[in-house]
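Have a look at upload_13.txt; it's compact mmCIF, C-alpha atoms:
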```txt
# COMPACT_ATOMS: atom_id res chain seq x y z
CA MET A 576 -17.76 -74.79 37.25
CA LEU A 577 -16.80 -75.21 40.89
CA THR A 578 -19.29 -78.01 41.55
CA ASP A 579 -17.90 -80.00 38.63
CA MET A 580 -14.36 -79.52 39.95
CA VAL A 581 -15.26 -80.62 43.47
CA SER A 582 -17.33 -83.60 42.38
CA GLY A 583 -14.79 -84.59 39.73
CA PHE A 584 -11.94 -84.53 42.24
CA ALA A 585 -13.88 -86.53 44.85
CA VAL A 586 -15.03 -89.13 42.33
CA LYS A 587 -11.52 -89.44 40.92
CA CYS A 588 -10.02 -90.02 44.37
CA LEU A 589 -12.58 -92.70 45.17
CA ASP A 590 -12.22 -94.29 41.76
CA VAL A 591 -8.44 -94.55 42.19
CA THR A 592 -8.53 -95.91 45.75
CA GLY A 593 -11.49 -98.19 45.06
CA TYR A 594 -13.74 -99.85 47.60
CA LEU A 595 -10.85 -100.10 50.05
CA GLY A 596 -10.31 -96.34 49.95
CA ALA A 597 -13.99 -95.70 50.63
CA ALA A 598 -13.91 -98.19 53.51
CA VAL A 599 -10.86 -96.49 55.05
CA LEU A 600 -12.49 -93.05 54.79
CA MET A 601 -15.65 -94.33 56.46
CA ALA A 602 -13.57 -95.98 59.18
CA LEU A 603 -11.95 -92.62 59.89
CA GLU A 604 -15.38 -90.97 59.78
CA SER A 605 -16.55 -93.32 62.54
CA MET A 606 -13.60 -92.38 64.72
CA ILE A 607 -12.32 -88.98 65.82
CA ALA A 608 -11.05 -87.85 62.43
CA PRO A 609 -12.95 -84.79 61.11
CA ILE A 610 -14.18 -86.53 57.94
CA PRO A 611 -17.96 -86.19 57.38
CA SER A 612 -19.81 -89.06 55.72
CA GLU A 613 -21.81 -86.42 53.82
CA ALA A 614 -18.61 -85.62 51.90
CA ILE A 615 -17.96 -89.27 50.97
CA MET A 616 -21.09 -91.34 50.43
CA PRO A 617 -22.88 -89.14 47.85
CA PHE A 618 -19.86 -89.46 45.57
CA VAL A 619 -19.91 -93.21 46.05
CA GLY A 620 -23.44 -92.91 44.64
CA PHE A 621 -21.99 -91.07 41.65
CA LEU A 622 -19.73 -94.03 40.89
CA VAL A 623 -22.63 -96.46 41.22
CA VAL A 624 -24.77 -94.50 38.75
CA ASP A 625 -21.81 -94.24 36.36
CA GLY A 626 -21.60 -98.03 36.38
CA LYS A 627 -18.08 -98.09 37.83
CA TRP A 628 -19.05 -99.52 41.20
CA ASN A 629 -21.50 -102.22 42.25
CA LEU A 630 -24.22 -100.93 44.56
CA TRP A 631 -24.16 -103.80 47.06
CA VAL A 632 -20.39 -104.06 47.18
CA ALA A 633 -20.21 -100.31 47.85
CA ILE A 634 -22.70 -100.58 50.72
CA VAL A 635 -20.90 -103.57 52.25
CA ALA A 636 -17.45 -101.96 51.93
CA THR A 637 -18.44 -98.61 53.44
CA SER A 638 -20.50 -100.20 56.21
CA CYS A 639 -17.59 -102.50 57.10
CA GLY A 640 -15.38 -99.41 57.24
CA SER A 641 -17.83 -97.69 59.59
CA MET A 642 -17.93 -100.80 61.75
CA ILE A 643 -14.14 -101.10 61.95
CA GLY A 644 -13.74 -97.46 62.93
CA SER A 645 -16.47 -97.75 65.55
CA ILE A 646 -14.92 -100.89 67.06
CA LEU A 647 -11.52 -99.23 67.29
CA SER A 648 -13.10 -96.24 69.04
CA TYR A 649 -15.05 -98.55 71.34
CA TYR A 650 -11.92 -100.34 72.52
CA MET A 651 -10.04 -97.06 72.75
CA GLY A 652 -12.62 -95.92 75.28
CA TYR A 653 -12.95 -99.35 76.91
CA TYR A 654 -9.26 -99.84 77.70
CA GLY A 655 -7.80 -96.34 77.54
CA GLY A 656 -10.51 -93.91 78.58
CA LYS A 657 -10.17 -90.17 78.10
CA PRO A 658 -6.35 -90.03 78.49
CA VAL A 659 -5.81 -92.25 75.44
CA VAL A 660 -8.60 -90.58 73.47
CA TYR A 661 -7.14 -87.11 74.01
CA LYS A 662 -3.62 -88.35 73.32
CA VAL A 663 -4.65 -89.70 69.92
CA GLY A 664 -7.20 -86.99 69.24
CA LYS A 665 -4.76 -84.09 69.57
CA TYR A 666 -3.25 -85.14 66.23
CA LEU A 667 -6.69 -85.07 64.60
CA LEU A 668 -7.89 -81.76 66.06
CA LEU A 669 -10.29 -83.44 68.46
CA HIS A 670 -12.69 -80.95 70.02
CA ALA A 671 -13.11 -81.76 73.72
CA GLN A 672 -16.61 -80.28 73.71
CA ASP A 673 -17.65 -82.71 70.97
CA LEU A 674 -16.60 -85.67 73.11
CA GLU A 675 -18.49 -84.21 76.07
CA LEU A 676 -21.57 -83.88 73.86
CA ALA A 677 -21.32 -87.54 72.85
CA GLU A 678 -20.89 -88.56 76.49
CA ARG A 679 -24.02 -86.65 77.56
CA PHE A 680 -25.97 -88.16 74.67
CA PHE A 681 -24.89 -91.66 75.68
CA ASN A 682 -25.41 -91.19 79.42
CA ARG A 683 -28.99 -89.99 79.04
CA ARG A 684 -30.12 -93.45 78.03
CA SER A 685 -27.22 -95.80 77.43
CA GLY A 686 -28.06 -98.86 75.40
CA LEU A 687 -28.78 -100.26 71.98
CA ILE A 688 -31.35 -97.62 70.97
CA THR A 689 -29.00 -94.76 71.86
CA ILE A 690 -26.17 -96.18 69.77
CA PHE A 691 -28.55 -96.72 66.85
CA ILE A 692 -30.03 -93.21 66.98
CA SER A 693 -26.60 -91.62 67.35
CA ARG A 694 -25.62 -92.84 63.87
CA PHE A 695 -27.98 -90.21 62.45
CA VAL A 696 -26.90 -87.31 64.68
CA PRO A 697 -24.14 -84.95 63.42
CA VAL A 698 -20.96 -84.82 65.53
CA VAL A 699 -22.31 -87.43 67.96
CA ARG A 700 -22.04 -90.27 65.45
CA HIS A 701 -18.29 -89.69 65.10
CA LEU A 702 -17.63 -90.11 68.81
CA ILE A 703 -20.46 -92.15 70.38
CA SER A 704 -18.43 -95.37 70.31
CA ILE A 705 -15.93 -93.91 72.79
CA PRO A 706 -18.38 -93.32 75.69
CA ALA A 707 -19.95 -96.70 74.85
CA GLY A 708 -16.55 -98.28 75.48
CA MET A 709 -15.86 -96.13 78.53
CA GLY A 710 -19.24 -97.16 79.95
CA LYS A 711 -18.39 -100.84 79.36
CA MET A 712 -21.46 -101.38 77.18
CA PRO A 713 -21.70 -105.07 76.13
CA PHE A 714 -20.01 -105.51 72.77
CA ILE A 715 -22.69 -107.54 70.95
CA PRO A 716 -25.54 -105.01 71.40
CA PHE A 717 -23.10 -102.23 70.54
CA ALA A 718 -22.02 -104.00 67.35
CA ILE A 719 -25.59 -104.75 66.25
CA ALA A 720 -26.81 -101.19 66.77
CA THR A 721 -23.72 -99.78 65.07
CA ILE A 722 -23.81 -101.92 61.92
CA VAL A 723 -27.57 -101.44 61.42
CA GLY A 724 -27.45 -97.68 62.01
CA ALA A 725 -24.31 -97.14 59.95
CA THR A 726 -25.63 -99.19 57.02
CA LEU A 727 -28.92 -97.28 56.94
CA TRP A 728 -27.19 -93.89 57.12
CA ASN A 729 -24.56 -94.77 54.53
CA SER A 730 -27.19 -96.19 52.18
CA PHE A 731 -29.32 -93.06 52.52
CA LEU A 732 -26.43 -90.77 51.60
CA LEU A 733 -25.43 -93.08 48.75
CA TYR A 734 -28.99 -92.96 47.40
CA CYS A 735 -28.98 -89.16 47.63
CA GLY A 736 -25.80 -89.17 45.57
CA MET A 737 -27.40 -91.42 42.98
CA LEU A 738 -30.37 -89.08 42.65
CA LEU A 739 -28.07 -86.06 42.37
CA ARG A 740 -26.02 -87.74 39.64
CA GLU A 741 -29.12 -88.66 37.66
CA HIS A 742 -30.21 -85.01 37.73
CA TRP A 743 -26.75 -83.55 37.19
CA ARG A 744 -27.87 -81.71 34.04
CA VAL A 745 -30.28 -79.71 36.17
CA VAL A 746 -27.41 -78.82 38.50
CA GLN A 747 -25.31 -77.71 35.53
CA LYS A 748 -28.20 -75.60 34.23
CA TYR A 749 -28.04 -73.50 37.37
CA SER A 750 -24.25 -73.74 37.65
CA HIS A 751 -23.61 -70.14 38.67
CA GLN A 752 -26.08 -70.23 41.55
CA VAL A 753 -24.82 -73.64 42.68
CA ASP A 754 -21.19 -72.47 42.51
CA LEU A 755 -22.02 -69.50 44.73
CA VAL A 756 -23.64 -71.74 47.34
CA VAL A 757 -20.84 -74.33 47.22
CA GLY A 758 -18.15 -71.66 47.46
CA LEU A 759 -19.89 -70.00 50.41
CA LEU A 760 -20.31 -73.33 52.20
CA LEU A 761 -16.66 -74.23 51.67
CA LEU A 762 -15.56 -70.84 52.97
CA LEU A 763 -17.82 -71.04 56.03
CA GLY A 764 -16.75 -74.63 56.65
CA ALA A 765 -13.06 -73.73 56.54
CA PHE A 766 -13.60 -70.75 58.85
CA TRP A 767 -15.59 -72.81 61.36
CA PHE A 768 -13.04 -75.65 61.28
CA VAL A 769 -10.07 -73.39 61.98
CA LYS A 770 -11.88 -71.34 64.62
CA SER A 771 -13.31 -74.30 66.55
CA ARG A 772 -10.60 -76.93 66.23
CA LEU A 773 -7.30 -75.13 66.69
CA PRO A 774 -8.18 -73.52 70.06
CA ALA A 775 -9.47 -76.90 71.24
CA ARG A 776 -6.19 -78.52 70.27
CA ALA A 777 -4.25 -75.97 72.31
CA LYS A 778 -6.57 -76.62 75.26
CA VAL A 779 -5.97 -80.38 75.05
CA ARG A 780 -2.21 -79.82 74.98
CA ALA A 781 -2.45 -77.63 78.06
```

Show me this structure written as structure tokens.
Amino acid sequence: MLTDMVSGFAVKCLDVTGYLGAAVLMALESMIAPIPSEAIMPFVGFLVVDGKWNLWVAIVATSCGSMIGSILSYYMGYYGGKPVVYKVGKYLLLHAQDLELAERFFNRRSGLITIFISRFVPVVRHLISIPAGMGKMPFIPFAIATIVGATLWNSFLLYCGMLLREHWRVVQKYSHQVDLVVGLLLLLGAFWFVKSRLPARAKVRA
């Protein structure tokens, strides 16, 4: 079934690349690359349940990846500002409106709590480190809020993946219904990605 193909492919990729591969993906997820943590961490949970990965090593590796990506974004904003962000982001289909959303979120109440909360907010968590750097937020509070928030979020998704793996027979029992939902979500996701990102890329170039 489709769900088995998708999960099998994702688990295989992570299994081949190991903890380092998961860390790199989470680093990209914490930057401006359009890689959602929801498409990575649950499958890390699969590998933990299968006994191929150690739970604590997986959490440390992925959280370190999130931290590295966030630090790179922070300094990109700190030293380069929007010109550098857009210059790099045009190769990763950066949506200018997403960055503006992250800026508004940060400017409402800049500080440790904002950075922490942003780790749980879709879209914002990918980009919040950039306005933090642009706003010259002190690095230590930024780093503390980022590592705590990222670790909690990553661990939550990993745990969800573990629960899903443990109940995989139930998923297989309703395979046809699940395949329909997964296929529809993939189709809608691809349509939204092309529609929203490509025009934004042309706008950035202009």

Subject >> Arg740 of chain A environment, 7 Å, all atoms listed in the file, sequence neighbours closer than 4 positions dropped, as JSON, numbers by chain >> reply: {"A": [621, 624, 736]}

**OP:** List every protein, DNA or RNA residue that has at least one atom no more than 10 Å from (-20.9, -86.2, 57.5) in the file's coordinates, counting all atoms listed in the file, and write the result as a PyMOL selection string.
**Re:** chain A and resi 601+604-605+609-616+695-698+700-701+728-729+732

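Between atom CA of Trp631 of chain A and atom CA of Leu738 of chain A the separation is 16.6 Å.
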
Original post:
Which of these residues is nearest to Val699 of chain A, using all atoms listed in the file: A:Ser730, A:Ile607, A:Gly626, A:Ile634?
Top reply: A:Ile607

**OP:** Can you work out which one of A:Cys588, A:Ile705, A:Ile692, A:Ile646 has the shortest atom-to-atom distance to Leu600 of chain A, counting all atoms listed in the file?
**Re:**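 With all atoms listed in the file as the atom set, the closest residue is A:Cys588.
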
**OP:** In Å, rounded to a single decimal, give me how far atom CA of Met737 of chain A is from atom CA of Cys639 of chain A.
**Re:**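 Pair atom CA of Cys639 of chain A / atom CA of Met737 of chain A returns 20.5 Å.
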
**OP:** Skip Tyr649 of chain A itself and residues of its chain fewer than 6 positions away, then list as a list in words all residues within 8 Å of it, counting all atoms listed in the file.
**Re:**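 Close residues of Tyr649 of chain A: Ser704, Ile705, Pro706, Ala707, Gly708 and Met709 of chain A.
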
Original post:
Quick one: distance from atom CA of Phe584 of chain A to atom CA of Ser641 of chain A in Å, one decimal?
Top reply: 22.6 Å

Output as JSON the centre and edge lengths (Å, one decimal) of the box along x, y and z of the file that holds every listed atom of segment 615-624 of chain A after adding 3 Å on each side.
```
{"center_x": -21.4, "center_y": -92.8, "center_z": 44.9, "size_x": 12.8, "size_y": 13.3, "size_z": 18.2}
```

Original post:
Which residue, A:Ala636, A:Leu727, A:Met642, A:Leu622, has the smallest gap to Glu741 of chain A when you use all atoms listed in the file?
Top reply: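 The closest residue to Glu741 of chain A is A:Leu622.
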